Every structure is written in C-alpha cells, then in structure tokens.
Amino acid sequence: MAPRLTEKEKHRQIRKEALISAGLYVAFFIWWYVTGYGIAERGTPETYTYILGLPMWFFLSSIVGYILFCIAAVVVVKKFFKDFDLGEDEEEQVE
C-alpha cells in the first residue's frame with residue numbers, strides 16, 4: 001500500500017519528480033546534441049569513423065545515448081520517485 005502523505009508533501013514530491021524528469025530530458029538533449037553535432041566529422045562518408053557499421057557520431061548520439069538514459073531513468077525512478085496516492089484521503093472526502 002502506498003504511504004499517506006499530506007497535501008504539502010504530495011506537492012513537494014510532485015515538484016521534485018517533475019524537476020528531475022525535466023533535468024533528465026535536458027541532459028539527454030545535451031548528450032544528443034553534443035555527440036550528434038559536436039563530434040560529427042566534416043567531409044565525405046569515406047573519412048568517417050565507423051562503429052558497428054554506423055558513423056561514430058550517430059552511434060554515440062542515438063544508440064549509446066538511448067541506452068544510457070534508459071538506464072539513468074530506471075535508476076532515478078527507483079532512487080528518487082515515491083509511490084503515493086494522488087487522490088484525496090477518505091477522511092478529507094467525508095468532511
């Protein structure tokens with residue numbers, strides 16, 4: 001059963017989870033942008049560095065970034081997010 005939280009605690013936890021989620025998204029976007037555009041080599045595809053048949057910039061930005069941030073999301077949810085009821089308590093509904 002989910003723990004009971006006061007309204008103030010609920011709002012604080014929701015705000016914290018929203019900020020963490022937004023922070024993860026911003027970090028993922030920065031990773032994607034830096035690896036996709038920052039290390040992309042200028043020139044022809046013959047001069048690119050390839051990993052598993054993909055250009056290194058694509059491999060790092062799209063494959064490694066996706067896996068890395070999926071793992072980061074699981075860790076963050078397990079460590080910082082709480083399971084609690086968003087509905088009103090039964091005592092609050094009676095009054």
# chains A, B, ... in the order shown; residues from 1 in each chain; ligands from 1
>>> select_by_dssp(residues="chain A", states="helix (DSSP H, G or I)", output="count of residues only")
65
>>> residues_around(residues="Lys16 in chain A", least_positions_apart="3", cutoff="12 Å", atoms="only C-alpha atoms", output="list in words")
Glu9, Lys10, His11, Arg12, Gln13, Leu19, Ile20, Ser21, Ala22, Gly23, Val76, Val77, Phe80, Phe81 and Lys82 of chain A
>>> select_by_dssp(residues="range 36-90 of chain A", states="strand (DSSP E or B)", output="list in words")
Tyr50, Ile51, Leu54 and Pro55 of chain A
>>> closest_residue(among="A:Gly38, A:Ala18, A:Leu24, A:Phe84", to="Met56 in chain A", atoms="only C-alpha atoms")
A:Gly38
>>> closest_residue(among="A:Thr44, A:Pro55, A:Glu17, A:Tyr25", to="Phe69 in chain A", atoms="only C-alpha atoms")
A:Tyr25
>>> atom_distance(atom1="CA of Tyr33 in chain A", atom2="CA of Trp57 in chain A")
9.9 Å
>>> atom_distance(atom1="CA of Val74 in chain A", atom2="CA of Tyr50 in chain A")
29.4 Å
>>> atom_distance(atom1="CA of Ser61 in chain A", atom2="CA of Tyr37 in chain A")
9.0 Å
>>> decode(residues="range 35-66 of chain A", atoms="N, CA, C and O atoms", output="compact mmCIF listing (two decimals), in the first residue's frame")
# COMPACT_ATOMS: atom_id res chain seq x y z
N THR A 35 27.02 14.97 -29.05
CA THR A 35 27.56 13.82 -29.77
C THR A 35 27.12 13.82 -31.23
O THR A 35 27.85 13.33 -32.10
N GLY A 36 25.95 14.34 -31.51
CA GLY A 36 25.46 14.36 -32.88
C GLY A 36 26.07 15.44 -33.73
O GLY A 36 26.46 15.21 -34.88
N TYR A 37 26.17 16.63 -33.18
CA TYR A 37 26.71 17.75 -33.95
C TYR A 37 28.13 18.12 -33.56
O TYR A 37 28.90 18.60 -34.39
N GLY A 38 28.48 17.91 -32.31
CA GLY A 38 29.78 18.34 -31.83
C GLY A 38 30.93 17.51 -32.33
O GLY A 38 32.01 18.03 -32.61
N ILE A 39 30.73 16.18 -32.45
CA ILE A 39 31.85 15.34 -32.88
C ILE A 39 31.68 14.86 -34.32
O ILE A 39 32.50 14.08 -34.79
N ALA A 40 30.62 15.29 -34.99
CA ALA A 40 30.43 14.89 -36.38
C ALA A 40 31.59 15.42 -37.21
O ALA A 40 31.96 16.59 -37.10
N GLU A 41 32.13 14.56 -38.00
CA GLU A 41 33.28 14.93 -38.82
C GLU A 41 32.80 15.61 -40.10
O GLU A 41 31.79 15.24 -40.68
N ARG A 42 33.55 16.60 -40.50
CA ARG A 42 33.26 17.27 -41.76
C ARG A 42 33.91 16.47 -42.88
O ARG A 42 34.96 15.87 -42.70
N GLY A 43 33.29 16.45 -44.00
CA GLY A 43 33.89 15.76 -45.13
C GLY A 43 32.97 14.70 -45.68
O GLY A 43 31.77 14.70 -45.45
N THR A 44 33.57 13.77 -46.36
CA THR A 44 32.79 12.72 -47.02
C THR A 44 32.64 11.52 -46.09
O THR A 44 33.42 11.34 -45.16
N PRO A 45 31.64 10.68 -46.35
CA PRO A 45 31.45 9.50 -45.51
C PRO A 45 32.64 8.55 -45.50
O PRO A 45 32.79 7.77 -44.55
N GLU A 46 33.49 8.61 -46.50
CA GLU A 46 34.67 7.74 -46.51
C GLU A 46 35.65 8.11 -45.39
O GLU A 46 36.46 7.28 -44.96
N THR A 47 35.60 9.34 -44.90
CA THR A 47 36.53 9.78 -43.85
C THR A 47 35.95 9.59 -42.45
O THR A 47 36.65 9.83 -41.47
N TYR A 48 34.70 9.18 -42.33
CA TYR A 48 34.07 8.99 -41.01
C TYR A 48 34.70 7.81 -40.27
O TYR A 48 35.19 6.86 -40.88
N THR A 49 34.61 7.86 -38.95
CA THR A 49 34.94 6.71 -38.11
C THR A 49 33.65 5.93 -37.90
O THR A 49 32.62 6.50 -37.55
N TYR A 50 33.70 4.61 -38.11
CA TYR A 50 32.51 3.78 -38.02
C TYR A 50 32.59 2.84 -36.83
O TYR A 50 33.65 2.30 -36.51
N ILE A 51 31.45 2.63 -36.18
CA ILE A 51 31.30 1.66 -35.10
C ILE A 51 30.10 0.80 -35.45
O ILE A 51 28.99 1.31 -35.63
N LEU A 52 30.32 -0.50 -35.57
CA LEU A 52 29.27 -1.45 -35.96
C LEU A 52 28.58 -1.02 -37.26
O LEU A 52 27.37 -1.17 -37.42
N GLY A 53 29.33 -0.46 -38.17
CA GLY A 53 28.80 -0.06 -39.45
C GLY A 53 28.07 1.28 -39.46
O GLY A 53 27.54 1.69 -40.48
N LEU A 54 28.02 1.96 -38.32
CA LEU A 54 27.35 3.26 -38.22
C LEU A 54 28.40 4.34 -37.98
O LEU A 54 29.39 4.09 -37.30
N PRO A 55 28.17 5.54 -38.49
CA PRO A 55 29.10 6.62 -38.16
C PRO A 55 29.17 6.82 -36.64
O PRO A 55 28.15 6.67 -35.95
N MET A 56 30.36 7.13 -36.15
CA MET A 56 30.54 7.24 -34.70
C MET A 56 29.59 8.26 -34.08
O MET A 56 29.03 8.01 -33.02
N TRP A 57 29.38 9.41 -34.71
CA TRP A 57 28.51 10.43 -34.15
C TRP A 57 27.08 9.91 -34.02
O TRP A 57 26.40 10.18 -33.03
N PHE A 58 26.61 9.15 -34.99
CA PHE A 58 25.25 8.60 -34.92
C PHE A 58 25.16 7.52 -33.86
O PHE A 58 24.20 7.47 -33.09
N PHE A 59 26.16 6.65 -33.82
CA PHE A 59 26.18 5.57 -32.83
C PHE A 59 26.15 6.12 -31.41
O PHE A 59 25.36 5.67 -30.58
N LEU A 60 26.98 7.13 -31.14
CA LEU A 60 27.03 7.71 -29.80
C LEU A 60 25.76 8.48 -29.46
O LEU A 60 25.24 8.38 -28.34
N SER A 61 25.26 9.27 -30.40
CA SER A 61 24.10 10.10 -30.08
C SER A 61 22.81 9.30 -30.00
O SER A 61 22.01 9.52 -29.09
N SER A 62 22.60 8.37 -30.92
CA SER A 62 21.31 7.69 -30.98
C SER A 62 21.27 6.34 -30.29
O SER A 62 20.26 5.99 -29.68
N ILE A 63 22.33 5.57 -30.36
CA ILE A 63 22.33 4.24 -29.77
C ILE A 63 22.80 4.28 -28.31
O ILE A 63 22.07 3.89 -27.39
N VAL A 64 24.01 4.77 -28.10
CA VAL A 64 24.57 4.81 -26.74
C VAL A 64 23.76 5.75 -25.85
O VAL A 64 23.47 5.41 -24.70
N GLY A 65 23.38 6.91 -26.38
CA GLY A 65 22.59 7.86 -25.59
C GLY A 65 21.26 7.28 -25.15
O GLY A 65 20.85 7.45 -24.00
N TYR A 66 20.58 6.59 -26.05
CA TYR A 66 19.29 5.98 -25.70
C TYR A 66 19.45 4.94 -24.58
O TYR A 66 18.72 4.97 -23.60
